[in-house]
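Student: Pasting a structure below so you can have a look.
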Amino acid sequence: MTDKHEDIQEFLDNLPEKYDIIEEGIDVQTQRAYIDYSHTFECGELTETETINLGHLLSDTKRTLEAKKKVLTLLAHLGTITAFRQIENYYKNPDKNLKQWTALALHECKMFLESMLTDQSIGFISSGLGGLHDKLRYYFLVLPISNKLFTPIQKNIISEEFNLEAKALNCIVETIDLSNEFVGLTVLVPMNIAIGTLIENGIKKCNELGGFVFEHYYVTNQNFPDKGEIIDIIKIVKDE
């Protein structure tokens, strides 16, 4: 069963913004496993009734998690409104260990629907740290120049300048971790803005007020590093 273009367009136009990207963080291992598994499936075609019956298997408590992974991936590759609704219904109350897998299947099914309107394939937009609406979440570290620590005044400058730069670029600063050895920021960045633009502009603005921020930095959208990892990251960045 193939949906009409006008029905797909109306359906996509009325989807909540949360389906633009995967808001919740998806761990890298699950993303890789899903993508590898997904590549073993071709796009399929089922009637609406067959699609609904396939979706019913997701609520069958006798089905194994592996079987449900297959069902979710099959539904995603149908790329129809009915298939999306089956995944969406399960996503509201999935098996605990399949929540992230279901989110990826939901996202991929939406991609297939979008590609039917343009006849172009659309890649995954996802990250380990997730996102919100049209923005992806990033975490980055800025460091003091060699053999120095940030002073309280310098940390305030960094906070103020990065908040101003984020606002100018339609980014959102969620958290700022002010340490003497580093400043860590969690930000939401629109998909049409390069994260490097925000960071490099922020560093430039800070250094115009004293030249105290190291020119190199660390950024990731996959995970929040712990304290031990941050120590190693600082060493690597400073040695660049």
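By order of appearance in the structure tokens: chains A, B, ..., then residues from 1 within every chain, and ligands from 1 in the order shown.
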Out of region 26-187 of chain A, which residues get helix (DSSP H, G or I) from DSSP, as a ChimeraX atom specification?

Tutor: /A:28-38,48-59,65-78,81-91,96-118,152-168

Student: I'd like the neighbourhood of Asp60 (chain A) as a list in words, where a residue qualifies if any of its atoms comes within 12 Å (using only C-alpha atoms), though same-chain residues fewer than 4 positions away should be ignored.

Tutor: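 Returned residues: Asn53, Leu54, Gly55, His56, Thr64, Leu65, Ala67, Lys68, Val71, Tyr90, Pro94 and Asp95 of chain A.
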
Student: Next, the residues of the selection above should be written as a short mmCIF file (atom, residue, chain, number, x, y, z; two decimals), in the first residue's frame with N, CA and C atoms.

Tutor:
data_model
loop_
_atom_site.label_atom_id
_atom_site.label_comp_id
_atom_site.auth_asym_id
_atom_site.auth_seq_id
_atom_site.Cartn_x
_atom_site.Cartn_y
_atom_site.Cartn_z
N ASN A 53 -1.88 -5.70 11.38
CA ASN A 53 -1.66 -7.01 12.00
C ASN A 53 -0.21 -7.18 12.42
N LEU A 54 0.71 -6.67 11.59
CA LEU A 54 2.13 -6.72 11.94
C LEU A 54 2.37 -5.89 13.19
N GLY A 55 1.75 -4.73 13.26
CA GLY A 55 1.90 -3.87 14.43
C GLY A 55 1.38 -4.52 15.70
N HIS A 56 0.35 -5.33 15.59
CA HIS A 56 -0.22 -6.00 16.76
C HIS A 56 0.79 -6.94 17.42
N THR A 64 9.56 -12.39 21.52
CA THR A 64 10.85 -12.01 22.10
C THR A 64 11.21 -10.59 21.68
N LEU A 65 12.18 -10.01 22.38
CA LEU A 65 12.65 -8.67 22.03
C LEU A 65 13.27 -8.66 20.63
N ALA A 67 12.43 -10.55 18.14
CA ALA A 67 11.34 -10.61 17.17
C ALA A 67 10.71 -9.23 17.00
N LYS A 68 10.58 -8.51 18.11
CA LYS A 68 9.98 -7.18 18.04
C LYS A 68 10.91 -6.19 17.34
N VAL A 71 10.15 -6.69 13.77
CA VAL A 71 8.86 -6.09 13.42
C VAL A 71 8.99 -4.57 13.27
N TYR A 90 3.27 1.85 19.76
CA TYR A 90 4.15 1.04 20.61
C TYR A 90 5.13 1.93 21.37
N PRO A 94 6.61 1.10 25.23
CA PRO A 94 7.41 0.00 24.66
C PRO A 94 7.99 -0.89 25.75
N ASP A 95 8.50 -2.04 25.35
CA ASP A 95 9.30 -2.83 26.28
C ASP A 95 10.50 -1.98 26.69
#

Student: Looking at only C-alpha atoms, which of A:Tyr217, A:Phe84, A:Phe224, A:Phe41 is the one that sits closest to Tyr138 (chain A)?

Tutor: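 For Tyr138 (chain A), the nearest of the given residues is A:Phe224.
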
Student: Using only C-alpha atoms, which of the listed residues (A:Ser146, A:Gln222, A:Asn180, A:Ser38) sits closest to Lys238 (chain A)?

Tutor: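 Counting only C-alpha atoms, the residue closest to Lys238 (chain A) is A:Ser146.
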
Student: Could you tell me, as a count of residues only, which residues of region 73-166 of chain A DSSP assigns to strand (DSSP E) when given the backbone?

Tutor: 12

Student: Which polymer residues have any atom within 9 Å of an atom of region 195-203 of chain A, counting only C-alpha atoms, with same-chain residues fewer than 3 positions away left out, as a compact mmCIF listing (two decimals) with C-alpha atoms, in the first residue's frame?

Tutor:
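The result, stored in selection.txt:
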# COMPACT_ATOMS: atom_id res chain seq x y z
CA TYR A 138 26.17 19.35 22.03
CA PHE A 140 31.90 21.30 24.62
CA VAL A 142 36.82 25.59 26.51
CA ILE A 158 32.90 33.17 29.33
CA GLU A 161 29.85 35.98 26.05
CA PHE A 162 28.71 32.47 25.15
CA ASN A 163 25.15 33.24 26.23
CA LEU A 164 25.18 36.36 24.04
CA GLU A 165 26.66 34.48 21.06
CA ALA A 166 24.18 31.62 21.51
CA LEU A 169 22.74 32.33 16.55
CA CYS A 171 21.12 28.53 20.06
CA VAL A 189 22.12 24.20 18.18
CA PRO A 190 19.87 24.54 15.09
CA CYS A 206 36.24 36.25 25.22
CA ASN A 207 39.80 36.76 24.00
CA GLU A 208 38.98 40.30 22.90
CA VAL A 213 40.94 31.20 26.39
CA PHE A 214 42.90 28.48 24.57
CA GLU A 215 42.20 28.48 20.82
CA HIS A 216 41.53 24.74 20.62
CA TYR A 217 38.49 23.11 22.19
CA VAL A 219 33.10 19.16 21.35

Student: For Lys4 (chain A), which residue out of A:Ala33, A:Met116, A:Val183, A:Leu57 is the nearest one, using only C-alpha atoms?

Tutor: A:Met116

Student: Please measure the separation of CA of Lys70 (chain A) and CA of Tyr37 (chain A), giving the value in Å to one decimal.

Tutor: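 Atom-to-atom, CA of Lys70 (chain A) and CA of Tyr37 (chain A) are spaced 8.7 Å apart.
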
Student: Find the residues near Leu178 (chain A): any atom within 9 Å, counting only C-alpha atoms, skip ones fewer than 2 places away on the same chain, and give them as an mmCIF file with C-alpha atoms, in the first residue's frame.

Tutor:
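And here is the file that came out, result19.cif:
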data_model
loop_
_atom_site.group_PDB
_atom_site.id
_atom_site.type_symbol
_atom_site.label_atom_id
_atom_site.label_comp_id
_atom_site.auth_asym_id
_atom_site.auth_seq_id
_atom_site.Cartn_x
_atom_site.Cartn_y
_atom_site.Cartn_z
ATOM 1 C CA PHE A 150 40.432 30.531 34.890
ATOM 2 C CA PRO A 152 36.287 34.034 38.725
ATOM 3 C CA LYS A 155 34.566 32.472 34.113
ATOM 4 C CA ASN A 156 31.871 35.153 34.311
ATOM 5 C CA SER A 159 29.377 32.637 30.639
ATOM 6 C CA ILE A 176 27.390 25.846 32.149
ATOM 7 C CA ASN A 180 39.102 26.597 37.198
ATOM 8 C CA GLU A 181 40.559 24.082 34.723
ATOM 9 C CA PHE A 182 37.782 24.272 32.095
ATOM 10 C CA VAL A 183 34.317 25.566 31.323
ATOM 11 C CA GLY A 184 31.856 22.982 30.023
ATOM 12 C CA LEU A 185 28.695 24.022 28.191
#

Student: Give me the residues within 6 Å of Lys135 (chain A) as a list in words, counting only C-alpha atoms and dropping any in the same chain fewer than 2 places off.

Tutor: Gly131, Leu132, His133, Leu188, Val189, Pro190 and Met191 of chain A

Student: Restricted to N, CA and C atoms, what would the selected residues look like written as a short mmCIF file (atom, residue, chain, number, x, y, z; two decimals), in the first residue's frame?

Tutor:
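Written file, again-v8.cif:
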data_model
loop_
_atom_site.label_atom_id
_atom_site.label_comp_id
_atom_site.auth_asym_id
_atom_site.auth_seq_id
_atom_site.Cartn_x
_atom_site.Cartn_y
_atom_site.Cartn_z
N GLY A 131 18.22 15.92 21.26
CA GLY A 131 17.97 17.29 20.85
C GLY A 131 16.61 17.75 21.30
N LEU A 132 16.17 18.86 20.75
CA LEU A 132 14.87 19.41 21.10
C LEU A 132 14.34 20.21 19.91
N HIS A 133 13.14 19.85 19.46
CA HIS A 133 12.53 20.50 18.30
C HIS A 133 13.48 20.43 17.10
N LEU A 188 21.95 23.69 22.78
CA LEU A 188 21.09 23.21 21.70
C LEU A 188 21.35 24.09 20.48
N VAL A 189 21.69 23.46 19.37
CA VAL A 189 22.12 24.20 18.18
C VAL A 189 21.23 23.83 16.99
N PRO A 190 20.66 24.83 16.28
CA PRO A 190 19.87 24.54 15.09
C PRO A 190 20.68 23.76 14.07
N MET A 191 20.01 22.92 13.29
CA MET A 191 20.72 22.06 12.35
C MET A 191 21.35 22.83 11.20
#

Student: Write out as a PyMOL selection string the residues lying within 12 Å of Cys109 (chain A), counting only C-alpha atoms and excluding same-chain residues fewer than 6 positions away.

Tutor: chain A and resi 8+12+19-20+38+43-44+72-88+102-103+115-116+121-124
